[in-house]
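I have placed the structure first, in the form of C-alpha cells, so that the comments after it can refer back to it.
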Amino acid sequence: MLNSSLLVATNIDKNFPGVKALSQVNFTLQAGQIHALLGENGAGKSTLIKCLTGAYRRDGGDILLLGKNINPKDTLDAQKLGIGTVYQEVNLLGNLSVAENMMIGRQPMRWGMINVKEMNRYSKALLSQYGLEIDTSLLLSSYSIGVQQIIAIARAVDLSGKVLILDEPTASLDSAEVKMLFGILRKLKDRGLGIVFISHFLDQVFDISDQITVLRNGQLIESVATDEIDSIDLVTMMLGYELGEENKTKHYNHSQGEPLLSFTDFGKRQKINPFNLNIAKGEVVGIAGLLGSGRTETAETLFGVTAHDSGVAKLQDKVIDLSTPRAAIANRFGFCPEDRKNDGIIGDLSVRENIILALQAQRGWAKPLPLSEQKKLCEHYIKALDIRPTDPEKPIRLLSGGNQQKVILARWLATNPQFLILDEPTRGIDVGAHAEIIRLIESLCDKGMSLLVISSELDELVAYSHRVIVVREHQHVAEIIGADISTDNIINAIAANSVEPEYVLKGAI
Amino acid sequence: MQFKKLLIGSAILASTSLMATSAFALTVGFSQIGSESGWRAAETAVTLKEAKERGITLKFADAQQKQENQIKALRSFIAQGVDAILVAPVVATGWDSVLKEVQEAKIPLILLDRTIDAPDSLYLTAVTADFIHEGNIAGDWLVNAVGNKECKVVELQGTTGSAPAIERKKGFEQSIAKGANIKIIRSQTADFTRTKGKEVMESFLKAENGGKDICALYAHNDDMAVGAIQSIKEAGLKPGTDILVISIDAVPDIFTALEAGEANATVELTPNMAGPAFDALEAFLKDGTLPPKWIQSPSRLYTQADDAKAIYNQKKGLGY
Amino acid sequence: MNSLKRLAPQLITLAVIILLNYLVFPDFFNIKIANGKFYGSLIDVLNRGAPVALLAIGMTLVIATKGIDLSVGAMMAICGAVAASTVDSGGSVYLALSLALLAGVICGAWNGVLVAFLNIQPIISTLILMVAGRGIAQLITKGAILTFTDPGLIFIGSGSVFSIPTPILIWIFAGISVTFIVRKTALGMLIEAIGINQRASSFSGINARVLLIMVYVVSGLCAAMAGTIAAADIRGADANNSGLWLELDAILAVVIGGTSLLGGRFTLIGSLIGAMIIQSINTGILLSGFPPEFNLIIKAAIIVIVLIIQSPALKAHYQTYRDTKKPPEPAPAPSSRTTS
C-alpha cells in the first residue's frame with residue numbers, strides 16, 4: 001500500500017466478567033483512509049473503539065500509532081496522542097455556546113479572564129473550514145443534531161488531528177445532513193486523517209468507506225477493500241447466515257371489518273393536528289414521515305403521554321379515556337417509545353423486572369406477581385423473542401439495543417394488549433434483530449393484535465403495513481392502502497409540496 | 001390629605017416622646033434575640049414586667065436570631081425617638097456603625113446578657129452574668145459539700161467553644177483546685193441539651209464502673225443535668241445521693257429535681273437583666289450618673305434547702 | 001445468601017468499629033440487667049441509634065426515588081411536641097401516639113404533594129418544612145421544653161419489653177415490617193423503577209405520584225416514631241434540639257448502607273447497619289474519653305475511611321489487582337456493592 005499505516009492494533013483481547021468481548025482482534029487504519037467497522041450489536045465494535053481510545057483497559061495486544069507503542073489511560077490521553085472520538089449521542093453540552101463547547105478546557109485567556117471574543121472568532125473560523133457559517137456565540141442546543149455532529153467532529157479533529165473515530169454519526173441525521181457530513185469526511189480524508197466509521201447503514205458504508213472490517217462475536221471476520229465486496233456478502237459476513245427472504249413483501253386481503261378503535265378529530269395543539277383514524281382488529285397501520293413531522297407526536301397523543309385536547313377515542317363504540325399512559329394501558333394499549341434509553345428501559349433493573357413492570361403496574365403494588373410466575377413469563381418471552389443473554393437477572397442496561405427493544409416488547413406482550421404502538425422499533429439495532437422484530441410484528445397481527453408502527457425504514461413499513469399514514473408538518477396528509485403501498489408512493493407523499501390534505505378517506509371513518 | 005394628617009400626627013407623637021425625657025414617662029426600645037430557649041422567653045417576660053412596674057413604655061422587637069433585624073429595629077427606635085434602647089445582641093461583631101447612629105441621636109444604649117466586640121464608648125453599660133463566677137459558686141458548693149473526702153467529678157460541657165462552656169468550666173476548676181481531693185475524671189460536651197446530657201451521662205456511667213466511682217456531676221446547664229439525672233436513675237443509682245448533681249441556670253425543671261432530692265444545687269442565671277439596666281438608666285437620666293461599663297447580674301445559689309416548689313411555680317409563670 | 005454478600009462491606013465496617021470500641025473500652029461487651037432491662041454499652045448503641053435508624057428507614061425509600069428528605073429532624077420536633085402536649089393537656093398515651101403519627105403523616109403528605117404534584121425539587125420541597133418545622137414545634141411547646149410525667153409515654157423512651165429497651169424494639173420492628181412490605185409487595189420494585197427512570201416508569205403505567213407521596217408519608221411516619229422516642233427518652237419535648245441535624249446522620253446512614261443518592265436500588269437493612277455504624281462511632285467517642293474538641297474530627301475521619309473503603313473506584317482497583325493473580329491483599333474490604 002502506498003499509504004503508511006497510521007494506527008495498527010494487533011491481537012487485542014478484552015474480557016468482561018463471563019464474556020470474552022474481544023479475542024485476538026487485528027485492526028489496521030491507514031492515513032487518508034475511511035475505514036468502516038461493521039458488525040451486529042454485541043459484535044465488539046464499541047469495545048474495540050473503547051480499547052483504542054483508552055475508555056477501556058485492554059487485556060492484551062498492542063496498539064501502534066505511527067509505529068509507536070501507545071497505551072492511552074483515558075479518552076483525554078488518547079486525544080492528546082491524536083485519537084479523537086465522536087459518539088452517536090453528541091457528547092457536548094447543550095447549555096453552553098458553540099464556541100464554549102469547542103474551546104472548553106482550553107479557552108483563550110486575557111487578563112486572567114476568558115477572552116470570549118477570541119473564542120468566538122477562533123471557533124467561527126474553524127467551523128467555516130467545514131462549510132458551517134454559524135454564530136458560535138449561540139447555545140449549542142439551538143442548532144440541529146446534524147450541525148451539532150459537525151461541531152463535535154470539528155472539535156475532535158482540532159484537538160487530536162490524526163485519527164477520527166465516528167460511532168454511528170448518521171443515526172439521527174436526515175439525508176441532506178448526511179451528504180454534508182460525507183463531504184466533510186472526504187475533505188478530512190484528503191488532509192491525511194485516518195477515519196474509523198461505524199454505521200448500520202450499509203449503503204452509506206459503501207458510499208463513503210475505502211476499507212471494511214467486519215467483527216462478529218468479538219472476533220475479526222474479515223477486512224476487505226470496499227470495492228471488492230458486495231452487500232449480500234457483507235450481510236452474510238455480519239450475520240453468519242444468509243438474510244434470505246425475511247423481507248419479502250406480504251400483502252393481505254383488506255377485509256376491514258368493524259373497527260376496533262376509532263379516533264375522531266383526535267389531536268393536541270402544537271403537537272399534532274386533529275386526525276381521524278380507524279384501526280381494525282389484526283390490522284397494522286404504518287406511519288411514515290420525516291423526523292419532527294408529527295409521527296412520534298401522533299403516538300404520544302394516542303397513548304396519553306401528552307393528553308389530547310380535541311376529539312374522542314372509541315373502543316368498539318364505547319368512549320374511552322386516554323388522558324394518561326395509565327388510562328391507555330387500562331384500555332389494553334401498549335407503547336414502545338422511540339427513545340429507548342430515556343423512555344423505555346429502567347436501566348438498573350433486571351430483565352425480569354423490566355418485563356413484568358407494566359403488568360405489575362397494572363395489578364397495583366399490593367398484588368405482586370408471584371416470583372414463580374415472573375420467572376415463567378420471563379422464560380417464555382426470553383425464549384420466544386430470543387432475548388440474549390438469557391439470564392433474566394442481568395440489569396437491562398448491559399444488553400444490546402436490539403435485546404433491550406425485545407425486552408420492552410415483552411413488557412407489553414405480558415400485559416396482553418389489544419393495541420400496540422411501536423415507535424421506530426428497529427432503530428439502532430442490528431440486522432438480525434431487525435428481521436426478528438419484523439417477523440414478530442407480523443405474527444402479532446396474525447394473532448389478532450392491532451398495531452400502529454412508526455418507522456423511517458420505508459421498506460419495512462411496506463413489508464408489514466396494511467395501511468400507511470403519511471405525516472407532514474403536524475398533519476396526517478395521506479393514507480396509502482393495500483396494493484398501493486410502496487416505498488415510491490410513500491416517498492412521493494412525504495415529499496409532496498402542498499400542505500393541502502390529499503386525504504383519501506378510503507375506508508376510513 | 002389623609003397622608004398629611006398622618007404625618008402631622010406622627011410628628012406630634014415623636015415630639016411628645018422627645019420632650020418626655022423625665023423619669024416618669026420613659027419610652028424604651030428593646031431588641032430581643034428571639035425565643036430560642038425558655039430562659040430567653042423568661043428574660044423577655046421579666047423585662048416587660050420590670051418596665052410595667054416602673055411605668056416605662058417598652059417597645060419590643062423580636063429579631064428572630066438575625067442581626068440585620070436587630071439593626072433595623074435599632075434604626076426604627078431612633079426614628080421613633082425613644083429615650084433609651086436595650087439590646088440583647090445576637091452576635092458579637094458588626095455593631096459599630098449602627099451604635100454610632102444611636103450615639104449621634106443621643107440615645108443611651110444598654111447591652112443585656114451578652115457583650116459585643118466594639119469600643120465601650122458606644123454604649124452606656126452592659127448588664128451580664130459572670131460565667132466564671134457562676135462556675136466558682138458551683139465549685140465552692142461542692143468543696144463544702146464533700147469536705148475532705150475524695151470526690152471524682154464528671155462534667156457535662158456546653159457547646160464546644162461557646163463562652164458559657166469555657167468560662168463555667170474555668171470557674172468550677174478554679175474553685176475545686178483549692179483542695180486536692182476533688183478531681184474531674186471525665187469531661188465531654190453534651191451541647192446544652194437534655195438528649196445529649198442523657199446519652200453522654202450513660203457513657204460516663206459505663207466508663208466509670210457503672211457509676212460507682214463517680215461522686216458528683218457538674219453540668220454547665222440544668223437541661224443537661226435533667227437528662228443526666230434520668231440516666232443515673234436508669235443505671236440503678238440515686239441522683240442527689242449516690243451522685244451529687246450541680247448545675248447552672250436555675251430553670252424551673254431543675255427545681256422539680258431539687259424537690260425530689262435528685263439534684264443538689266443550681267446557680268441562677270437570672271432572667272432579670274432589665275432590672276439593673278433600668279436602675280442604671282434612671283439614675284443616668286435623672287442626674288447624669290454614669291454607671292460602670294459592666295454591671296454584673298447577681299448569681300444566686302439554690303439548694304435543696306430552698307422552697308423548690310414555690311420557686312418552680314414562680315419561675316414557671318415567667319414563660320420558661 | 002446473595003444479600004448477605006452484598007452487605008459484606010457494611011457488616012465488616014460495623015464489626016471493625018465495634019472492635020475499635022472494644023479496644024478503647026474493654027467493658028464494651030459487658031451486658032447486665034439493671035432496673036429490669038439490659039444495660040451496657042452495646043445496648044446503648046442499639047438504643048441511642050433508634051432515632052437515626054428510624055429516620056434512615058424512611059430516608060432510604062425517599063432516596064430510592066431519587067429524592068431527599070431534609071425535614072425529618074424538624075418533623076421529629078413537631079411530632080414529639082404533639083405527643084408531649086397531648087399528654088400534658090390530659091390526653092391518653094394512645095391519643096398522644098395517634099396524634100403524633102398523624103402529624104407525621106400530614107407533614108410527609110405535605111412534602112409528597114410538593115414533590116409529586118408541584119414538581120418542586122425534593123431538596124427544596126423538604127427544606128421548607130426543615131426551616132418552618134421547628135417554628136411549628138415551638139408554637140406547640142410555647143417556646144419551652146414541655147415536660148411530662150405520663151408513664152405510658154415515658155415507656156416508649158425508657159421502658160422495656162422482655163428486658164429489651166422499647167426504642168430498640170420499635171426500630172427493629174419498623175425495619176422488619178417496612179422491609180417486609182416493600183419486598184413482599186411490588187412496592188420496592190416500583191419505587192426503584194421511578195428512582196431509576198421516572199419517565200419510562202410512567203410510560204409503563206406506574207402511578208409515580210401516588211408512590212412519591214407514599215414514600216414521603218413513610219418518612220414522616222418514621223420521623224414521628226423517632227420524635228416520640230426522643231421526647232419520651234428525656235420526658236420532655238425540646239422543640240429546639242429534638243432531632244437537630246439528624247437528617248444529615250440519616251442521609252449518611254443510607255449512603256454508608258450502600259444506597260446511592262442517585263436513586264434506584266436500595267437496601268433497608270444496609271441503611272439500618274449504617275445507622276448502627278454511626279451510633280457506634282458516637283458511643284465509641286464518648287467512651288474513649290478524648291477531649292470534646294476532637295469529637296467531630298474523629299467522626300469525620302472514620303466516615304471518610306468508611307466511604308473510601310466502600311467506593312466503587314477502590315473496588316475496581318481491587319478487582320484489577322486480584323485479576324493480575326497476585327496473592328490477595330488482606331486490607332480493603334471487597335466491596336461487592338453495586339446493583340446485582
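Identifiers for the C-alpha cells are assigned positionally: chains receive A, B, ... in sequence, residues are indexed from 1 per chain, and ligands are indexed from 1 in the order shown.
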Taking the chain letters and numbering used in this document, name the residues of segment 140-304 of chain C that DSSP puts in helix (DSSP H, G or I), as an mmCIF file with C-alpha atoms, in the first residue's frame.
```cif
data_model
loop_
_atom_site.group_PDB
_atom_site.id
_atom_site.type_symbol
_atom_site.label_atom_id
_atom_site.label_comp_id
_atom_site.auth_asym_id
_atom_site.auth_seq_id
_atom_site.Cartn_x
_atom_site.Cartn_y
_atom_site.Cartn_z
ATOM 1 C CA ILE C 140 -46.854 23.760 70.144
ATOM 2 C CA THR C 141 -44.494 23.763 73.123
ATOM 3 C CA PRO C 151 -45.735 6.760 82.436
ATOM 4 C CA GLY C 152 -47.219 5.394 79.212
ATOM 5 C CA LEU C 153 -45.422 7.878 77.018
ATOM 6 C CA ILE C 154 -42.219 7.596 79.033
ATOM 7 C CA PHE C 155 -42.370 3.853 78.431
ATOM 8 C CA ILE C 156 -41.822 4.479 74.721
ATOM 9 C CA GLY C 157 -38.485 6.111 75.504
ATOM 10 C CA SER C 158 -37.116 4.288 78.513
ATOM 11 C CA THR C 166 -38.540 -0.174 73.886
ATOM 12 C CA PRO C 167 -36.750 2.043 71.301
ATOM 13 C CA ILE C 168 -34.692 -0.952 70.133
ATOM 14 C CA LEU C 169 -37.835 -2.996 69.655
ATOM 15 C CA ILE C 170 -39.523 -0.165 67.795
ATOM 16 C CA TRP C 171 -36.790 0.377 65.240
ATOM 17 C CA ILE C 172 -36.179 -3.290 64.668
ATOM 18 C CA PHE C 173 -39.886 -3.885 64.290
ATOM 19 C CA ALA C 174 -40.256 -0.902 61.947
ATOM 20 C CA GLY C 175 -37.249 -2.046 59.943
ATOM 21 C CA ILE C 176 -38.533 -5.580 59.549
ATOM 22 C CA SER C 177 -42.096 -4.600 58.725
ATOM 23 C CA VAL C 178 -41.132 -1.939 56.166
ATOM 24 C CA THR C 179 -38.647 -4.327 54.555
ATOM 25 C CA PHE C 180 -41.317 -6.987 54.514
ATOM 26 C CA ILE C 181 -43.902 -4.679 52.995
ATOM 27 C CA VAL C 182 -41.691 -3.279 50.243
ATOM 28 C CA ARG C 183 -40.180 -6.628 49.327
ATOM 29 C CA LYS C 184 -43.223 -8.841 49.622
ATOM 30 C CA LEU C 187 -43.676 -1.559 46.158
ATOM 31 C CA GLY C 188 -39.911 -1.930 46.333
ATOM 32 C CA MET C 189 -39.512 -2.607 42.652
ATOM 33 C CA LEU C 190 -41.874 0.180 41.627
ATOM 34 C CA ILE C 191 -40.051 2.640 43.902
ATOM 35 C CA GLU C 192 -36.749 1.610 42.377
ATOM 36 C CA ALA C 193 -38.200 1.961 38.901
ATOM 37 C CA ILE C 194 -39.284 5.558 39.399
ATOM 38 C CA GLY C 195 -35.961 6.343 41.053
ATOM 39 C CA ILE C 196 -34.030 4.999 38.083
ATOM 40 C CA GLN C 198 -39.368 8.169 36.225
ATOM 41 C CA ARG C 199 -40.351 8.897 32.634
ATOM 42 C CA ALA C 200 -40.042 5.337 31.459
ATOM 43 C CA SER C 201 -41.859 4.200 34.601
ATOM 44 C CA SER C 202 -44.850 6.392 33.935
ATOM 45 C CA PHE C 203 -44.835 5.181 30.303
ATOM 46 C CA ALA C 208 -45.434 7.773 40.226
ATOM 47 C CA ARG C 209 -47.313 10.464 42.107
ATOM 48 C CA VAL C 210 -49.013 8.088 44.486
ATOM 49 C CA LEU C 211 -45.731 6.283 45.126
ATOM 50 C CA LEU C 212 -43.867 9.531 45.735
ATOM 51 C CA ILE C 213 -46.419 10.733 48.240
ATOM 52 C CA MET C 214 -46.309 7.322 49.862
ATOM 53 C CA VAL C 215 -42.555 7.364 50.457
ATOM 54 C CA TYR C 216 -42.641 10.858 51.936
ATOM 55 C CA VAL C 217 -45.509 9.796 54.199
ATOM 56 C CA VAL C 218 -43.476 6.784 55.339
ATOM 57 C CA SER C 219 -40.595 9.147 56.022
ATOM 58 C CA GLY C 220 -42.963 11.321 58.054
ATOM 59 C CA LEU C 221 -44.204 8.308 59.994
ATOM 60 C CA CYS C 222 -40.667 7.202 60.772
ATOM 61 C CA ALA C 223 -39.812 10.724 61.905
ATOM 62 C CA ALA C 224 -42.919 10.686 64.105
ATOM 63 C CA MET C 225 -41.757 7.488 65.804
ATOM 64 C CA ALA C 226 -38.239 8.874 66.190
ATOM 65 C CA GLY C 227 -39.582 12.160 67.576
ATOM 66 C CA THR C 228 -41.811 10.401 70.074
ATOM 67 C CA ILE C 229 -38.910 8.242 71.244
ATOM 68 C CA ALA C 230 -36.645 11.280 71.573
ATOM 69 C CA ALA C 231 -39.247 13.154 73.617
ATOM 70 C CA ALA C 232 -40.134 10.145 75.745
ATOM 71 C CA ASP C 233 -36.455 9.498 76.401
ATOM 72 C CA ILE C 234 -35.941 12.849 78.145
ATOM 73 C CA LEU C 246 -30.293 14.170 62.478
ATOM 74 C CA GLU C 247 -31.417 14.476 58.850
ATOM 75 C CA LEU C 248 -27.743 14.530 57.940
ATOM 76 C CA ASP C 249 -26.980 11.462 60.034
ATOM 77 C CA ALA C 250 -29.931 9.694 58.405
ATOM 78 C CA ILE C 251 -28.705 10.525 54.903
ATOM 79 C CA LEU C 252 -25.218 9.405 55.892
ATOM 80 C CA ALA C 253 -26.625 6.141 57.246
ATOM 81 C CA VAL C 254 -28.345 5.483 53.936
ATOM 82 C CA VAL C 255 -25.197 6.230 51.959
ATOM 83 C CA ILE C 256 -22.944 4.162 54.207
ATOM 84 C CA LEU C 268 -33.102 -1.038 54.071
ATOM 85 C CA ILE C 269 -31.002 -3.470 56.062
ATOM 86 C CA GLY C 270 -27.897 -1.701 54.796
ATOM 87 C CA SER C 271 -29.256 1.638 55.995
ATOM 88 C CA LEU C 272 -30.010 0.205 59.435
ATOM 89 C CA ILE C 273 -26.474 -1.138 59.624
ATOM 90 C CA GLY C 274 -25.332 2.302 58.500
ATOM 91 C CA ALA C 275 -27.248 3.876 61.387
ATOM 92 C CA MET C 276 -25.593 1.466 63.804
ATOM 93 C CA ILE C 277 -22.177 2.288 62.338
ATOM 94 C CA ILE C 278 -22.776 5.973 63.007
ATOM 95 C CA GLN C 279 -24.022 5.336 66.532
ATOM 96 C CA SER C 280 -21.099 3.017 67.270
ATOM 97 C CA ILE C 281 -18.770 5.829 66.299
ATOM 98 C CA ASN C 282 -20.646 8.271 68.527
ATOM 99 C CA THR C 283 -20.703 5.933 71.501
ATOM 100 C CA GLY C 284 -17.071 4.998 70.955
ATOM 101 C CA ILE C 285 -16.047 8.640 71.030
ATOM 102 C CA LEU C 286 -17.906 9.173 74.301
ATOM 103 C CA LEU C 287 -16.375 6.086 75.876
ATOM 104 C CA SER C 288 -12.875 6.932 74.687
ATOM 105 C CA PRO C 292 -14.736 17.006 73.116
ATOM 106 C CA GLU C 293 -12.865 19.284 70.723
ATOM 107 C CA PHE C 294 -11.853 16.133 68.814
ATOM 108 C CA ASN C 295 -15.341 14.592 68.553
ATOM 109 C CA LEU C 296 -16.232 15.868 65.138
ATOM 110 C CA ILE C 297 -12.770 15.380 63.685
ATOM 111 C CA ILE C 298 -12.659 11.754 64.795
ATOM 112 C CA LYS C 299 -16.154 11.126 63.461
ATOM 113 C CA ALA C 300 -15.370 12.748 60.124
ATOM 114 C CA ALA C 301 -12.116 10.842 59.767
ATOM 115 C CA ILE C 302 -13.756 7.482 60.427
ATOM 116 C CA ILE C 303 -16.564 8.215 57.994
ATOM 117 C CA VAL C 304 -14.124 9.238 55.279
#
```
*Select residues of chain A: the criterion is any atom within 9 Å of an atom of chain C, counting only C-alpha atoms; output as a ChimeraX atom specification.*
/A:303,305,324-330,334-337,340-350,353-354,357-362,364-369,393-395,411-412
*Extract, using only C-alpha atoms, all DNA, RNA and protein residues at most 10 Å from Ala144 of chain C, discarding same-chain residues fewer than 2 positions from it, and format them as a PyMOL selection string.*
(chain B and resi 35-42+316+319-320) or (chain C and resi 138-142+146-147+236-240)
*asked:* So, with only C-alpha atoms as the atoms that count, which of B:Ile116, B:Leu48, B:Trp294, B:Ala84 lies closest to Glu282 of chain B?
replied: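 The answer is B:Ala84, which sits nearest to Glu282 of chain B.
Per DSSP on the backbone, strand (DSSP E or B) in segment 71-174 of chain A comprises Ile83, Gly84, Thr85, Val86, Ser97, Met109, Arg110, Met113, Ile114, Leu139, Val163, Leu164, Ile165, Leu166 and Asp167 of chain A.
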Let's have the selection written as an mmCIF file, in the first residue's frame, with N, CA, C and O atoms.
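After the write, part_15.cif holds the following:
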```
data_model
loop_
_atom_site.group_PDB
_atom_site.id
_atom_site.type_symbol
_atom_site.label_atom_id
_atom_site.label_comp_id
_atom_site.auth_asym_id
_atom_site.auth_seq_id
_atom_site.Cartn_x
_atom_site.Cartn_y
_atom_site.Cartn_z
ATOM 1 N N ILE A 83 -5.970 10.761 18.842
ATOM 2 C CA ILE A 83 -7.159 9.972 18.508
ATOM 3 C C ILE A 83 -8.394 10.642 19.098
ATOM 4 O O ILE A 83 -8.531 10.749 20.321
ATOM 5 N N GLY A 84 -9.270 11.123 18.231
ATOM 6 C CA GLY A 84 -10.491 11.783 18.691
ATOM 7 C C GLY A 84 -11.700 10.943 18.360
ATOM 8 O O GLY A 84 -11.709 10.222 17.367
ATOM 9 N N THR A 85 -12.723 11.047 19.216
ATOM 10 C CA THR A 85 -13.919 10.232 19.014
ATOM 11 C C THR A 85 -15.167 11.101 19.041
ATOM 12 O O THR A 85 -15.257 12.029 19.851
ATOM 13 N N VAL A 86 -16.121 10.798 18.165
ATOM 14 C CA VAL A 86 -17.423 11.460 18.211
ATOM 15 C C VAL A 86 -18.484 10.372 18.301
ATOM 16 O O VAL A 86 -18.517 9.455 17.488
ATOM 17 N N SER A 97 -22.470 27.710 24.851
ATOM 18 C CA SER A 97 -22.455 28.197 23.475
ATOM 19 C C SER A 97 -21.615 27.259 22.624
ATOM 20 O O SER A 97 -20.824 26.453 23.128
ATOM 21 N N MET A 109 -7.212 33.016 27.120
ATOM 22 C CA MET A 109 -7.334 33.884 28.286
ATOM 23 C C MET A 109 -6.774 35.264 27.974
ATOM 24 O O MET A 109 -5.851 35.413 27.179
ATOM 25 N N ARG A 110 -7.339 36.236 28.615
ATOM 26 C CA ARG A 110 -6.766 37.571 28.552
ATOM 27 C C ARG A 110 -6.995 38.224 29.903
ATOM 28 O O ARG A 110 -8.118 38.247 30.396
ATOM 29 N N MET A 113 -8.945 36.394 32.388
ATOM 30 C CA MET A 113 -10.350 36.091 32.143
ATOM 31 C C MET A 113 -10.471 35.437 30.775
ATOM 32 O O MET A 113 -9.601 35.580 29.919
ATOM 33 N N ILE A 114 -11.577 34.743 30.590
ATOM 34 C CA ILE A 114 -11.780 34.099 29.297
ATOM 35 C C ILE A 114 -12.029 35.174 28.238
ATOM 36 O O ILE A 114 -12.838 36.074 28.434
ATOM 37 N N LEU A 139 -26.272 29.229 21.853
ATOM 38 C CA LEU A 139 -26.244 27.955 22.549
ATOM 39 C C LEU A 139 -26.167 26.801 21.554
ATOM 40 O O LEU A 139 -26.797 26.841 20.501
ATOM 41 N N VAL A 163 -6.327 10.595 14.118
ATOM 42 C CA VAL A 163 -7.339 9.569 13.911
ATOM 43 C C VAL A 163 -8.679 10.107 14.392
ATOM 44 O O VAL A 163 -8.763 10.706 15.461
ATOM 45 N N LEU A 164 -9.714 9.902 13.570
ATOM 46 C CA LEU A 164 -11.045 10.340 13.978
ATOM 47 C C LEU A 164 -11.958 9.121 13.971
ATOM 48 O O LEU A 164 -12.075 8.421 12.964
ATOM 49 N N ILE A 165 -12.582 8.864 15.121
ATOM 50 C CA ILE A 165 -13.470 7.709 15.214
ATOM 51 C C ILE A 165 -14.902 8.212 15.297
ATOM 52 O O ILE A 165 -15.227 9.046 16.142
ATOM 53 N N LEU A 166 -15.758 7.725 14.395
ATOM 54 C CA LEU A 166 -17.146 8.173 14.368
ATOM 55 C C LEU A 166 -18.041 6.983 14.660
ATOM 56 O O LEU A 166 -18.098 6.034 13.889
ATOM 57 N N ASP A 167 -18.729 7.047 15.796
ATOM 58 C CA ASP A 167 -19.600 5.952 16.199
ATOM 59 C C ASP A 167 -21.037 6.310 15.801
ATOM 60 O O ASP A 167 -21.635 7.186 16.409
#
```
*Which one is closest to chain B: C:Ile78, C:Leu244, C:Leu55, C:Leu11? Count only C-alpha atoms.*
C:Leu244
*Spatial neighbours of segment 43-47 of chain B, 12 Å, only C-alpha atoms, chain gap at least 4 places, as a PyMOL selection string*: chain B and resi 28-39+51-54+56-62+86-88+112-113+251+269-278+314-320
*Counting only C-alpha atoms, collect the residues of chain B whose closest atom lies at most 9 Å from chain C, and write them out as an NGL selection string.*
:B and (35-39 or 41 or 157 or 160-161 or 186-189 or 193-195 or 198-200 or 202-204 or 206-207 or 226-227 or 230 or 233-236 or 253 or 319-320)
Considering only C-alpha atoms, return as a JSON list (two decimals) with C-alpha atoms, in the first residue's frame whatever protein or nucleic-acid residues lie within 8 Å of segment 150-152 of chain B, sequence-local ones (same chain, fewer than 3 positions apart) excluded.
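The resulting file, selection_29.json, is shown below:
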```json
[["chain", "number", "residue", "atom", "x", "y", "z"],
["B", 146, "VAL", "CA", -17.67, 16.87, 100.25],
["B", 181, "ASN", "CA", -9.48, 15.81, 96.89],
["B", 182, "ILE", "CA", -11.79, 16.82, 94.04],
["B", 183, "LYS", "CA", -10.87, 15.78, 90.51],
["B", 184, "ILE", "CA", -12.63, 15.95, 87.17],
["B", 185, "ILE", "CA", -12.21, 12.49, 85.72],
["B", 213, "ASP", "CA", -16.69, 5.66, 91.01],
["B", 214, "ILE", "CA", -18.49, 8.92, 90.35],
["B", 215, "CYS", "CA", -19.07, 11.19, 93.32],
["B", 216, "ALA", "CA", -20.54, 14.22, 91.58]]
```
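The residue set within 10 Å of Val319 of chain A, counting only C-alpha atoms and dropping same-chain residues fewer than 6 places from it, reads Leu261, Ser262, Phe263, Val312 and Ala313 of chain A.
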For all heavy atoms, I'd like the residues from the last selection saved as a JSON list (two decimals), in the first residue's frame.
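After the write, selection-v3.json holds the following:
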```
[["chain", "number", "residue", "atom", "x", "y", "z"],
["A", 261, "LEU", "N", -60.79, 0.23, 17.04],
["A", 261, "LEU", "CA", -60.60, 1.54, 17.64],
["A", 261, "LEU", "C", -60.93, 2.61, 16.61],
["A", 261, "LEU", "O", -60.62, 2.45, 15.43],
["A", 261, "LEU", "CB", -59.12, 1.72, 18.04],
["A", 261, "LEU", "CG", -58.66, 0.97, 19.27],
["A", 261, "LEU", "CD1", -57.16, 0.79, 19.21],
["A", 261, "LEU", "CD2", -59.06, 1.72, 20.52],
["A", 262, "SER", "N", -61.57, 3.67, 17.08],
["A", 262, "SER", "CA", -61.74, 4.79, 16.16],
["A", 262, "SER", "C", -61.44, 6.08, 16.90],
["A", 262, "SER", "O", -61.89, 6.29, 18.03],
["A", 262, "SER", "CB", -63.16, 4.78, 15.60],
["A", 262, "SER", "OG", -64.08, 5.04, 16.63],
["A", 263, "PHE", "N", -60.65, 6.88, 16.25],
["A", 263, "PHE", "CA", -60.29, 8.18, 16.81],
["A", 263, "PHE", "C", -60.88, 9.24, 15.90],
["A", 263, "PHE", "O", -60.66, 9.21, 14.69],
["A", 263, "PHE", "CB", -58.78, 8.34, 16.88],
["A", 263, "PHE", "CG", -58.11, 7.26, 17.67],
["A", 263, "PHE", "CD1", -57.63, 6.12, 17.05],
["A", 263, "PHE", "CD2", -57.95, 7.38, 19.04],
["A", 263, "PHE", "CE1", -57.02, 5.12, 17.77],
["A", 263, "PHE", "CE2", -57.33, 6.38, 19.78],
["A", 263, "PHE", "CZ", -56.87, 5.25, 19.15],
["A", 312, "VAL", "N", -62.48, 12.50, 20.24],
["A", 312, "VAL", "CA", -62.80, 11.38, 21.11],
["A", 312, "VAL", "C", -62.19, 10.09, 20.58],
["A", 312, "VAL", "O", -61.93, 9.96, 19.39],
["A", 312, "VAL", "CB", -64.33, 11.15, 21.24],
["A", 312, "VAL", "CG1", -64.96, 12.12, 22.18],
["A", 312, "VAL", "CG2", -64.97, 11.15, 19.87],
["A", 313, "ALA", "N", -61.98, 9.17, 21.49],
["A", 313, "ALA", "CA", -61.49, 7.86, 21.12],
["A", 313, "ALA", "C", -62.56, 6.86, 21.52],
["A", 313, "ALA", "O", -63.15, 6.97, 22.60],
["A", 313, "ALA", "CB", -60.19, 7.56, 21.85]]
```
*asked:* Taking 3 positions as the minimum chain separation for residues in the same chain, which residues sit within 9 Å of Ile490 of chain A when counting only C-alpha atoms? Answer as a VMD selection string.
replied: chain A and resid 288 to 289 458 462 468 to 470 478 480 485 to 487 493 to 495
*Point-to-point distance in Å for atom CA of Ala257 of chain B and atom CA of Glu208 of chain B*: 23.5 Å
*For atom CA of Glu424 of chain A and atom CA of Gly401 of chain A, determine how far apart the two atoms are, in Å to one decimal place.*
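Separating atom CA of Glu424 of chain A from atom CA of Gly401 of chain A is a distance of 12.3 Å.
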*asked:* Just the number, please: distance in Å from atom CA of Arg6 of chain C to atom CA of Ile123 of chain C, one decimal.
replied: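 Those two atoms sit 28.7 Å apart.
Proximity to Phe172 of chain B was assessed for B:Gly240, B:Gly288, B:Gly139, B:Gly55 counting only C-alpha atoms; the smallest distance is recorded for B:Gly139.
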